[in-house]
$ cat target-v1.txt   # compact mmCIF, C-alpha atoms and all ligand atoms
# COMPACT_ATOMS: atom_id res chain seq x y z
CA MET A 135 -22.09 12.03 -7.68
CA LYS A 136 -18.42 11.30 -7.24
CA LYS A 137 -17.00 7.95 -8.20
CA ILE A 138 -15.73 5.63 -5.51
CA SER A 139 -12.04 4.93 -5.00
CA LEU A 140 -11.02 2.14 -2.63
CA THR A 141 -7.75 0.65 -1.62
CA GLY A 142 -6.46 -1.69 1.06
CA ILE A 143 -3.23 -1.34 2.98
CA LYS A 144 -1.72 -4.55 4.30
CA PRO A 145 -0.08 -3.93 7.69
CA THR A 146 2.83 -6.31 7.23
CA GLY A 147 5.74 -3.93 7.73
CA GLU A 148 6.88 -0.57 8.93
CA LEU A 149 6.04 2.13 6.37
CA HIS A 150 9.04 3.39 4.38
CA ILE A 151 9.58 6.22 1.94
CA GLY A 152 8.97 3.87 -1.00
CA ASN A 153 5.44 3.27 0.33
CA TYR A 154 5.02 7.00 0.84
CA PHE A 155 5.88 8.09 -2.68
CA GLY A 156 4.64 4.95 -4.43
CA ALA A 157 1.30 4.39 -2.70
CA ILE A 158 0.34 6.80 0.08
CA LYS A 159 0.83 10.15 -1.68
CA PRO A 160 -0.85 9.10 -4.95
CA ALA A 161 -3.81 7.53 -3.12
CA LEU A 162 -4.27 10.68 -1.03
CA GLU A 163 -4.18 12.79 -4.19
CA LEU A 164 -6.93 10.64 -5.68
CA ALA A 165 -9.00 11.17 -2.54
CA SER A 166 -9.62 14.78 -3.50
CA SER A 167 -11.60 13.87 -6.61
CA TYR A 168 -13.24 10.60 -5.51
CA ASP A 169 -15.31 9.32 -2.62
CA ALA A 170 -12.43 7.47 -1.04
CA ARG A 171 -12.63 4.39 1.15
CA TYR A 172 -9.24 3.32 2.43
CA PHE A 173 -8.81 0.47 4.86
CA ILE A 174 -6.27 -1.49 6.86
CA ALA A 175 -6.30 -5.03 5.47
CA ASP A 176 -5.55 -6.68 8.80
CA TYR A 177 -6.94 -10.13 7.99
CA HIS A 178 -4.74 -10.21 4.90
CA ALA A 179 -1.76 -9.55 7.17
CA LEU A 180 -2.73 -12.44 9.45
CA ASN A 181 -1.71 -14.84 6.66
CA THR A 182 1.92 -13.98 7.39
CA ILE A 183 2.09 -12.26 10.79
CA LYS A 184 1.41 -14.78 13.53
CA ASP A 185 2.85 -12.87 16.49
CA PRO A 186 -0.03 -11.02 18.20
CA THR A 187 2.06 -8.17 19.61
CA GLU A 188 3.67 -7.59 16.25
CA LEU A 189 0.36 -7.66 14.39
CA SER A 190 -1.38 -5.18 16.67
CA SER A 191 1.52 -2.78 16.62
CA LEU A 192 1.73 -2.99 12.81
CA ILE A 193 -2.01 -2.27 12.53
CA ARG A 194 -1.74 0.81 14.73
CA GLY A 195 1.52 1.95 13.13
CA VAL A 196 0.25 1.72 9.57
CA ALA A 197 -3.07 3.39 10.45
CA ALA A 198 -1.26 6.22 12.25
CA GLY A 199 1.09 6.50 9.28
CA TRP A 200 -1.70 7.19 6.81
CA LEU A 201 -3.24 9.77 9.13
CA ALA A 202 0.14 11.44 9.68
CA ALA A 203 0.67 11.54 5.92
CA GLY A 204 -2.52 13.55 5.53
CA LEU A 205 -5.46 11.17 5.28
CA ASP A 206 -8.44 13.17 6.54
CA PRO A 207 -10.89 10.79 8.24
CA GLU A 208 -13.67 13.37 7.82
CA LYS A 209 -13.33 13.05 4.04
CA VAL A 210 -12.10 9.49 3.55
CA ILE A 211 -13.90 6.54 5.12
CA PHE A 212 -10.96 4.96 6.96
CA TYR A 213 -11.49 1.65 8.75
CA ARG A 214 -10.12 -1.76 9.56
CA GLN A 215 -11.16 -4.72 7.45
CA SER A 216 -11.70 -6.76 10.61
CA SER A 217 -14.35 -4.27 11.77
CA ILE A 218 -16.54 -5.10 8.78
CA PRO A 219 -17.93 -8.62 9.28
CA GLU A 220 -19.87 -8.28 6.01
CA THR A 221 -16.50 -8.72 4.27
CA PHE A 222 -16.41 -12.31 5.38
CA GLU A 223 -19.99 -13.03 4.40
CA LEU A 224 -19.42 -11.61 0.92
CA SER A 225 -16.21 -13.59 0.70
CA THR A 226 -18.18 -16.82 1.24
CA GLN A 227 -20.77 -15.70 -1.30
CA LEU A 228 -18.04 -15.00 -3.86
CA ALA A 229 -16.22 -18.26 -3.17
CA ALA A 230 -19.19 -20.11 -4.67
CA PHE A 231 -18.51 -18.29 -7.95
CA THR A 232 -14.73 -18.64 -7.97
CA PRO A 233 -13.20 -21.47 -9.98
CA LYS A 234 -10.46 -23.26 -8.08
CA GLY A 235 -8.30 -23.04 -11.21
CA LEU A 236 -8.42 -19.25 -11.00
CA MET A 237 -6.77 -19.40 -7.58
CA ASN A 238 -4.15 -21.82 -8.93
CA ARG A 239 -3.11 -19.08 -11.35
CA ALA A 240 -2.71 -16.31 -8.75
CA HIS A 241 0.87 -14.93 -8.84
CA ALA A 242 1.56 -15.12 -5.09
CA TYR A 243 0.41 -18.73 -4.88
CA LYS A 244 2.26 -19.72 -8.07
CA ALA A 245 5.45 -18.11 -6.79
CA ALA A 246 5.20 -20.07 -3.53
CA VAL A 247 4.67 -23.34 -5.44
CA GLN A 248 7.59 -22.59 -7.73
CA GLU A 249 9.89 -21.79 -4.83
CA ASN A 250 8.88 -25.06 -3.15
CA GLY A 251 9.64 -26.92 -6.38
CA GLU A 252 13.10 -25.37 -6.61
CA LYS A 253 13.83 -26.43 -3.04
CA GLY A 254 12.47 -29.91 -3.63
CA ASN A 255 9.65 -29.39 -1.09
CA ASP A 256 6.03 -30.45 -1.34
CA PRO A 257 4.44 -27.92 -3.77
CA ASP A 258 2.07 -26.59 -1.10
CA ALA A 259 4.56 -26.49 1.78
CA GLY A 260 4.00 -23.38 3.92
CA VAL A 261 0.94 -22.34 1.89
CA ASN A 262 -2.08 -21.66 4.11
CA MET A 263 -5.65 -21.36 2.82
CA GLY A 264 -5.51 -17.64 3.57
CA LEU A 265 -2.79 -17.23 0.96
CA TYR A 266 -4.55 -19.56 -1.47
CA THR A 267 -7.92 -17.78 -1.28
CA TYR A 268 -6.38 -14.30 -0.90
CA PRO A 269 -7.88 -13.07 -4.19
CA VAL A 270 -11.43 -13.96 -3.05
CA LEU A 271 -11.08 -11.99 0.17
CA MET A 272 -9.57 -9.09 -1.75
CA ALA A 273 -12.43 -9.23 -4.27
CA ALA A 274 -14.85 -9.04 -1.33
CA ASP A 275 -13.01 -6.00 0.10
CA ILE A 276 -13.41 -4.22 -3.20
CA ILE A 277 -16.88 -5.29 -4.30
CA LEU A 278 -18.41 -4.70 -0.87
CA PHE A 279 -18.03 -0.93 -1.25
CA ASP A 280 -19.27 -0.55 -4.84
CA SER A 281 -15.80 0.55 -5.84
CA ASP A 282 -15.32 2.16 -9.25
CA VAL A 283 -11.56 2.41 -9.11
CA VAL A 284 -8.87 0.70 -7.10
CA PRO A 285 -5.52 2.51 -6.98
CA VAL A 286 -2.82 -0.18 -6.71
CA GLY A 287 0.67 -1.03 -7.79
CA SER A 288 1.12 -3.11 -10.93
CA ASP A 289 1.68 -6.25 -8.80
CA GLN A 290 -1.99 -6.11 -7.78
CA VAL A 291 -3.54 -5.86 -11.23
CA GLN A 292 -4.12 -9.60 -11.48
CA HIS A 293 -6.12 -9.49 -8.25
CA ILE A 294 -8.36 -6.74 -9.61
CA GLU A 295 -8.92 -8.73 -12.80
CA MET A 296 -9.96 -11.68 -10.68
CA ALA A 297 -12.40 -9.46 -8.77
CA GLN A 298 -13.86 -8.41 -12.14
CA ASP A 299 -14.21 -12.03 -13.24
CA ILE A 300 -15.86 -13.10 -10.00
CA ALA A 301 -18.32 -10.18 -9.90
CA GLY A 302 -19.05 -10.77 -13.58
CA ALA A 303 -19.84 -14.43 -12.91
CA VAL A 304 -22.34 -13.44 -10.20
CA ASN A 305 -24.07 -10.87 -12.41
CA TYR A 306 -24.20 -13.28 -15.35
CA ASN A 307 -25.71 -16.03 -13.25
CA TYR A 308 -28.48 -13.86 -11.76
CA LYS A 309 -29.00 -11.88 -15.00
CA GLN A 310 -28.81 -8.55 -13.17
CA GLU A 311 -26.18 -6.14 -11.89
CA VAL A 312 -25.93 -7.42 -8.35
CA LEU A 313 -22.32 -6.28 -7.95
CA LYS A 314 -20.35 -3.38 -9.41
CA ILE A 315 -17.35 -4.29 -11.57
CA PRO A 316 -14.23 -2.41 -10.36
CA GLN A 317 -11.35 -1.02 -12.46
CA ALA A 318 -7.69 -0.88 -11.47
CA VAL A 319 -5.91 2.49 -11.58
CA ILE A 320 -2.18 2.13 -11.88
CA GLN A 321 -0.23 5.22 -10.93
CA GLN A 322 1.82 5.61 -14.10
CA ASN A 323 4.07 8.54 -13.30
CA VAL A 324 5.03 7.34 -9.85
CA ALA A 325 8.79 7.15 -9.60
CA VAL A 326 10.45 3.93 -8.55
CA VAL A 327 12.06 4.85 -5.25
CA PRO A 328 15.60 3.47 -5.03
CA GLY A 329 16.69 1.86 -1.79
CA LEU A 330 19.98 2.23 0.08
CA ASP A 331 21.65 -0.30 -2.22
CA GLY A 332 20.26 1.16 -5.47
CA ARG A 333 17.69 -1.58 -6.03
CA LYS A 334 13.99 -0.72 -5.71
CA MET A 335 13.21 0.18 -2.09
CA SER A 336 11.49 -2.85 -0.62
CA LYS A 337 11.12 -4.49 2.74
CA SER A 338 12.17 -7.80 1.21
CA TYR A 339 15.55 -6.34 0.14
CA GLY A 340 16.21 -4.83 3.57
CA ASN A 341 17.19 -1.54 1.90
CA THR A 342 14.50 0.79 3.19
CA ILE A 343 14.41 4.15 4.88
CA PRO A 344 11.51 4.01 7.38
CA LEU A 345 9.13 6.92 6.82
CA PHE A 346 9.13 7.91 10.49
CA SER A 347 12.80 7.40 11.27
CA PRO A 348 13.93 9.75 14.03
CA GLU A 349 16.18 12.49 12.66
CA LYS A 350 19.41 10.82 13.77
CA GLN A 351 18.49 7.49 12.23
CA LEU A 352 17.38 9.19 9.02
CA ARG A 353 20.78 10.82 8.74
CA LYS A 354 22.59 7.59 9.52
CA LEU A 355 20.65 5.66 6.89
CA ILE A 356 21.26 8.31 4.23
CA MET A 357 24.98 8.26 5.03
CA ARG A 358 24.84 4.50 4.46
CA ILE A 359 23.65 4.81 0.82
CA VAL A 360 25.98 2.78 -1.36
CA THR A 361 28.09 4.87 -3.78
CA ASN A 362 30.87 4.17 -6.27
CA SER A 363 34.50 5.16 -5.84
CA GLN A 364 34.50 8.22 -8.15
CA PRO A 365 36.86 10.77 -6.64
CA LEU A 366 35.62 14.10 -5.36
CA GLU A 367 36.96 16.17 -8.29
CA GLU A 368 35.33 14.10 -10.99
CA PRO A 369 32.10 15.38 -12.64
CA LYS A 370 29.16 13.07 -11.85
CA GLU A 371 25.96 12.17 -13.67
CA PRO A 372 23.06 12.97 -11.29
CA GLU A 373 20.49 10.68 -12.94
CA GLN A 374 22.76 7.71 -12.29
CA SER A 375 23.08 8.41 -8.61
CA GLN A 376 20.44 7.10 -6.21
CA ILE A 377 21.27 9.98 -3.86
CA TYR A 378 20.07 12.37 -6.55
CA LEU A 379 17.07 10.23 -7.48
CA LEU A 380 15.97 10.29 -3.84
CA TYR A 381 16.72 14.02 -3.61
CA LYS A 382 14.35 14.68 -6.53
CA LEU A 383 11.46 13.29 -4.49
CA PHE A 384 11.95 15.89 -1.78
CA ALA A 385 13.40 18.95 -3.50
CA THR A 386 11.86 21.79 -5.50
CA ALA A 387 12.62 22.09 -9.23
CA GLU A 388 15.20 24.82 -8.56
CA GLU A 389 16.92 22.82 -5.88
CA GLN A 390 17.08 19.84 -8.22
CA ALA A 391 18.60 21.92 -11.01
CA SER A 392 21.13 23.41 -8.65
CA LEU A 393 22.28 20.09 -7.20
CA ALA A 394 22.42 18.56 -10.70
CA ALA A 395 24.72 21.39 -11.77
CA ARG A 396 26.99 20.76 -8.80
CA TYR A 397 27.16 17.07 -9.73
CA ARG A 398 28.12 17.88 -13.31
CA ALA A 399 30.67 20.56 -12.37
CA GLY A 400 32.82 18.14 -10.37
CA GLY A 401 34.40 19.01 -7.05
CA MET A 402 31.50 17.66 -5.04
CA GLY A 403 31.86 14.39 -3.14
CA TRP A 404 29.18 11.88 -2.21
CA GLY A 405 29.22 13.01 1.43
CA GLU A 406 28.10 16.49 0.44
CA ALA A 407 25.35 15.14 -1.82
CA LYS A 408 24.13 13.01 1.08
CA GLU A 409 24.00 16.06 3.36
CA GLU A 410 21.81 17.84 0.80
CA LEU A 411 19.55 14.82 0.60
CA PHE A 412 19.28 14.61 4.37
CA ARG A 413 18.33 18.31 4.61
CA ALA A 414 15.59 18.02 1.98
CA ALA A 415 14.23 14.73 3.32
CA ASN A 416 14.18 15.90 6.91
CA ARG A 417 12.40 19.12 5.92
CA GLU A 418 9.52 17.14 4.38
CA LEU A 419 9.45 14.30 6.89
CA SER A 420 9.78 16.22 10.17
CA PRO A 421 6.16 17.39 10.34
CA LEU A 422 4.94 13.90 9.36
CA ARG A 423 7.09 12.35 12.07
CA GLU A 424 5.72 14.77 14.68
CA ARG A 425 2.12 14.01 13.72
CA TYR A 426 2.88 10.29 13.72
CA GLU A 427 4.35 10.41 17.20
CA ALA A 428 1.36 12.39 18.51
CA ILE A 429 -1.11 9.88 17.03
CA MET A 430 0.83 6.91 18.36
CA ALA A 431 0.90 8.49 21.81
CA ASP A 432 -2.92 8.46 21.85
CA PRO A 433 -4.02 4.92 20.94
CA VAL A 434 -7.53 5.52 22.29
CA GLY A 435 -7.97 8.44 19.91
CA LEU A 436 -6.65 6.37 17.02
CA ASP A 437 -8.99 3.50 17.78
CA ARG A 438 -11.87 5.96 17.95
CA ILE A 439 -11.07 7.30 14.47
CA LEU A 440 -11.02 3.75 13.09
CA ALA A 441 -14.26 2.85 14.89
CA GLU A 442 -15.98 5.95 13.47
CA GLY A 443 -14.80 4.93 10.00
CA ALA A 444 -16.18 1.42 10.51
CA ALA A 445 -19.53 2.85 11.59
CA LYS A 446 -19.73 4.79 8.30
CA ALA A 447 -18.60 1.79 6.26
CA ARG A 448 -20.87 -0.91 7.63
CA PRO A 449 -24.22 0.26 6.22
CA ILE A 450 -22.67 0.37 2.72
CA ALA A 451 -21.28 -3.12 3.20
CA ALA A 452 -24.57 -4.44 4.57
CA ALA A 453 -26.43 -3.18 1.49
CA THR A 454 -24.14 -5.13 -0.86
CA VAL A 455 -24.44 -8.36 1.11
CA LYS A 456 -28.22 -7.87 1.17
CA ARG A 457 -28.35 -7.48 -2.61
CA PHE A 458 -26.51 -10.75 -2.98
CA ARG A 459 -28.75 -12.50 -0.43
CA LYS A 460 -31.87 -11.39 -2.27
CA ALA A 461 -30.61 -12.22 -5.74
CA SER A 462 -29.33 -15.64 -4.70
CA GLY A 463 -32.38 -17.02 -2.88
CA ILE A 464 -30.60 -17.10 0.47
CA ASP A 465 -33.12 -14.51 1.68
CA LEU A 466 -36.39 -16.39 1.49
N1 LIG A 501 -3.34 -7.07 -1.73
C1 LIG A 501 -3.05 -5.70 -1.47
C2 LIG A 501 -1.52 -5.56 -1.26
O1 LIG A 501 -0.87 -6.52 -0.96
C3 LIG A 501 -3.74 -5.21 -0.23
C4 LIG A 501 -5.24 -5.27 -0.38
C5 LIG A 501 -6.08 -6.07 0.30
C6 LIG A 501 -6.02 -4.48 -1.27
N2 LIG A 501 -7.37 -5.84 -0.10
C7 LIG A 501 -7.36 -4.87 -1.05
C8 LIG A 501 -5.71 -3.49 -2.21
C9 LIG A 501 -8.40 -4.29 -1.79
C10 LIG A 501 -6.76 -2.92 -2.92
C11 LIG A 501 -8.09 -3.31 -2.72
O2 LIG A 501 -1.01 -4.48 -1.41

$ encode --input "target-v1.txt" --output "structure tokens"
Amino acid sequence: MKKISLTGIKPTGELHIGNYFGAIKPALELASSYDARYFIADYHALNTIKDPTELSSLIRGVAAGWLAAGLDPEKVIFYRQSSIPETFELSTQLAAFTPKGLMNRAHAYKAAVQENGEKGNDPDAGVNMGLYTYPVLMAADIILFDSDVVPVGSDQVQHIEMAQDIAGAVNYNYKQEVLKIPQAVIQQNVAVVPGLDGRKMSKSYGNTIPLFSPEKQLRKLIMRIVTNSQPLEEPKEPEQSQIYLLYKLFATAEEQASLAARYRAGGMGWGEAKEELFRAANRELSPLRERYEAIMADPVGLDRILAEGAAKARPIAAATVKRFRKASGIDL
């Protein structure tokens, strides 16, 4: 029997190439050796996205993005969190085993409190209960599907540790293994993808290249990458140039070696390097973009894929909730 890999994708922004190389590609690679369950964490997104049109288009866009990037819904159980009501029952069950102090220590909540303090606001200003209890809902997402491993970025490790603590508290109390304890898998060799300004590519820095940018926009964004004022003749160090670091993500080993040599030889300007990057990026992204557009043009088909995933997921979820109900005395 294969082990179970599960991860959640929060639909809070348009997918960009940092998401693609940092999260989507590695998770899809893992799906070949695990029983993968990947879901759209739409109720997590509700904590921040309050505009209904925006939320529904983000949900569809992110779901279509994963499919366009190669998620095979015949192999991976792919569903929306909101389609699995058992999530919210397990979340209530887990809340009874979650110390309030544990939530006080969650990074996202602590950061919000600290920011409020710096601005002289009430410590809990702008903090909703969804943000505060986020780790309980996330623990439910994970534990519901008997997950062995959870591929995440390092910012999510604390949440996985909390899920372990909460599941452990349940098992300890009932003196049996009611719930499986999950492990985080951090993709170690995943490159940090630099953004247009050289900092890590991130929605919050506004320096992203959207994964499905139309060709013209892709080119325009690449031309906008910030460079220094080294003259054309001067030899350049490829590893210190974000154009080259981005190029490496898309190019073959030979192409990388050849562009690196041109950097070091001098006589090549930034404009030329950007053209090379555009060519390599567009080569990889064009087929993805075409698939994405086709999926987005058929929302009924997309919703059907997600509904089929939910139908496969629900019996697994129901079994976990049932185990808890039996162990706890809720089922008489
Ligand atoms: N918190 C995760 C993020 O912000 C998204 C998420 C929600 C998740 N539930 C999950 C990730 C369960 C892994 C497992 O990226």

$ closest_atom_pairs --input "target-v1.txt" --of "chain A" --to "ligand LIG 501 (chain A)" --cutoff "7 Å" --atoms "only C-alpha atoms and all ligand atoms" --output "Markdown table"
| residue | atom | partner | partner_atom | distance |
| --- | --- | --- | --- | --- |
| A:Leu140 | CA | A:LIG501 | C11 | 6.2 |
| A:Thr141 | CA | A:LIG501 | C10 | 3.9 |
| A:Gly142 | CA | A:LIG501 | C6 | 3.7 |
| A:Ile143 | CA | A:LIG501 | C3 | 5.1 |
| A:Lys144 | CA | A:LIG501 | C3 | 5.0 |
| A:Ala175 | CA | A:LIG501 | C5 | 5.3 |
| A:His178 | CA | A:LIG501 | C5 | 6.3 |
| A:Met272 | CA | A:LIG501 | N2 | 4.3 |
| A:Ala273 | CA | A:LIG501 | C9 | 6.8 |
| A:Asp275 | CA | A:LIG501 | C9 | 5.3 |
| A:Ile276 | CA | A:LIG501 | C9 | 5.2 |
| A:Val284 | CA | A:LIG501 | C10 | 5.9 |
| A:Pro285 | CA | A:LIG501 | C10 | 6.9 |
| A:Val286 | CA | A:LIG501 | C10 | 6.1 |
| A:Gln290 | CA | A:LIG501 | N1 | 6.3 |

$ closest_residue --input "target-v1.txt" --among "A:Leu228, A:Ile450, A:Leu383, A:Leu205" --to "Thr267 of chain A" --atoms "all atoms listed in the file"
A:Leu228

$ residues_around --input "target-v1.txt" --residues "Met135 of chain A" --least-positions-apart "2" --cutoff "10 Å" --atoms "all atoms listed in the file" --output "list of chain:residue names"
A:Lys137, A:Ile138, A:Tyr168, A:Asp169

$ closest_residue --input "target-v1.txt" --among "A:Ala325, A:Ala394, A:Gln227, A:Ser281" --to "Arg457 of chain A" --atoms "all atoms listed in the file"
A:Gln227

$ closest_residue --input "target-v1.txt" --among "A:Val360, A:Leu162, A:Ile377, A:Ala170" --to "Val327 of chain A" --atoms "only C-alpha atoms"
A:Ile377

$ atom_distance --input "target-v1.txt" --atom1 "atom CA of Gly251 of chain A" --atom2 "atom CA of Leu236 of chain A"
20.2 Å

$ atom_distance --input "target-v1.txt" --atom1 "atom CA of Lys244 of chain A" --atom2 "atom CA of Met296 of chain A"
14.9 Å

$ closest_residue --input "target-v1.txt" --among "A:Lys382, A:Arg214, A:Lys460, A:His150" --to "Asn341 of chain A" --atoms "only C-alpha atoms"
A:His150

$ atom_distance --input "target-v1.txt" --atom1 "atom CA of Val261 of chain A" --atom2 "atom CA of Lys337 of chain A"
20.6 Å

$ residues_near_point --input "target-v1.txt" --point "(-9.4, 2.0, -15.0)" --cutoff "9 Å" --atoms "all atoms listed in the file" --output "list of chain:residue names"
A:Asp282, A:Val283, A:Val284, A:Pro285, A:Pro316, A:Gln317, A:Ala318, A:Val319, A:Ile320

$ write_last_selection --input "target-v1.txt" --atoms "C-alpha atoms" --output "PDB file, keeping the file's coordinate frame"
ATOM      1  CA  ASP A 282     -15.320   2.160  -9.250  1.00  0.00           C
ATOM      2  CA  VAL A 283     -11.560   2.410  -9.110  1.00  0.00           C
ATOM      3  CA  VAL A 284      -8.870   0.700  -7.100  1.00  0.00           C
ATOM      4  CA  PRO A 285      -5.520   2.510  -6.980  1.00  0.00           C
ATOM      5  CA  PRO A 316     -14.230  -2.410 -10.360  1.00  0.00           C
ATOM      6  CA  GLN A 317     -11.350  -1.020 -12.460  1.00  0.00           C
ATOM      7  CA  ALA A 318      -7.690  -0.880 -11.470  1.00  0.00           C
ATOM      8  CA  VAL A 319      -5.910   2.490 -11.580  1.00  0.00           C
ATOM      9  CA  ILE A 320      -2.180   2.130 -11.880  1.00  0.00           C
TER      10      ILE A 320
END

$ decode --input "target-v1.txt" --residues "segment 404-446 of chain A" --atoms "C-alpha atoms" --output "PDB file, in the first residue's frame"
ATOM      1  CA  TRP A 404      20.867  42.637 -20.138  1.00  0.00           C
ATOM      2  CA  GLY A 405      18.368  43.028 -22.980  1.00  0.00           C
ATOM      3  CA  GLU A 406      19.796  40.004 -24.752  1.00  0.00           C
ATOM      4  CA  ALA A 407      19.778  37.924 -21.568  1.00  0.00           C
ATOM      5  CA  LYS A 408      16.134  38.854 -21.074  1.00  0.00           C
ATOM      6  CA  GLU A 409      15.289  37.723 -24.613  1.00  0.00           C
ATOM      7  CA  GLU A 410      16.871  34.333 -23.866  1.00  0.00           C
ATOM      8  CA  LEU A 411      14.876  34.085 -20.665  1.00  0.00           C
ATOM      9  CA  PHE A 412      11.659  34.980 -22.449  1.00  0.00           C
ATOM     10  CA  ARG A 413      12.263  32.300 -25.112  1.00  0.00           C
ATOM     11  CA  ALA A 414      12.917  29.563 -22.550  1.00  0.00           C
ATOM     12  CA  ALA A 415      10.043  30.590 -20.267  1.00  0.00           C
ATOM     13  CA  ASN A 416       7.559  30.872 -23.090  1.00  0.00           C
ATOM     14  CA  ARG A 417       8.578  27.461 -24.441  1.00  0.00           C
ATOM     15  CA  GLU A 418       7.704  25.799 -21.113  1.00  0.00           C
ATOM     16  CA  LEU A 419       4.695  27.932 -20.252  1.00  0.00           C
ATOM     17  CA  SER A 420       2.885  28.039 -23.611  1.00  0.00           C
ATOM     18  CA  PRO A 421       1.372  24.556 -23.387  1.00  0.00           C
ATOM     19  CA  LEU A 422       0.352  25.189 -19.757  1.00  0.00           C
ATOM     20  CA  ARG A 423      -1.283  28.458 -20.741  1.00  0.00           C
ATOM     21  CA  GLU A 424      -3.217  26.754 -23.550  1.00  0.00           C
ATOM     22  CA  ARG A 425      -4.482  24.025 -21.237  1.00  0.00           C
ATOM     23  CA  TYR A 426      -5.387  26.625 -18.620  1.00  0.00           C
ATOM     24  CA  GLU A 427      -7.407  28.657 -21.087  1.00  0.00           C
ATOM     25  CA  ALA A 428      -9.241  25.552 -22.307  1.00  0.00           C
ATOM     26  CA  ILE A 429     -10.138  24.521 -18.745  1.00  0.00           C
ATOM     27  CA  MET A 430     -11.270  28.021 -17.821  1.00  0.00           C
ATOM     28  CA  ALA A 431     -13.447  28.141 -20.928  1.00  0.00           C
ATOM     29  CA  ASP A 432     -15.371  25.101 -19.633  1.00  0.00           C
ATOM     30  CA  PRO A 433     -16.407  25.886 -16.040  1.00  0.00           C
ATOM     31  CA  VAL A 434     -19.007  23.103 -16.049  1.00  0.00           C
ATOM     32  CA  GLY A 435     -16.320  20.557 -16.873  1.00  0.00           C
ATOM     33  CA  LEU A 436     -14.064  21.956 -14.161  1.00  0.00           C
ATOM     34  CA  ASP A 437     -16.818  21.821 -11.561  1.00  0.00           C
ATOM     35  CA  ARG A 438     -17.526  18.237 -12.578  1.00  0.00           C
ATOM     36  CA  ILE A 439     -13.893  17.236 -12.009  1.00  0.00           C
ATOM     37  CA  LEU A 440     -13.984  18.812  -8.546  1.00  0.00           C
ATOM     38  CA  ALA A 441     -17.329  17.173  -7.724  1.00  0.00           C
ATOM     39  CA  GLU A 442     -15.976  13.762  -8.769  1.00  0.00           C
ATOM     40  CA  GLY A 443     -12.974  14.333  -6.514  1.00  0.00           C
ATOM     41  CA  ALA A 444     -15.254  15.244  -3.615  1.00  0.00           C
ATOM     42  CA  ALA A 445     -17.284  12.074  -4.165  1.00  0.00           C
ATOM     43  CA  LYS A 446     -14.090  10.006  -3.822  1.00  0.00           C
TER      44      LYS A 446
END
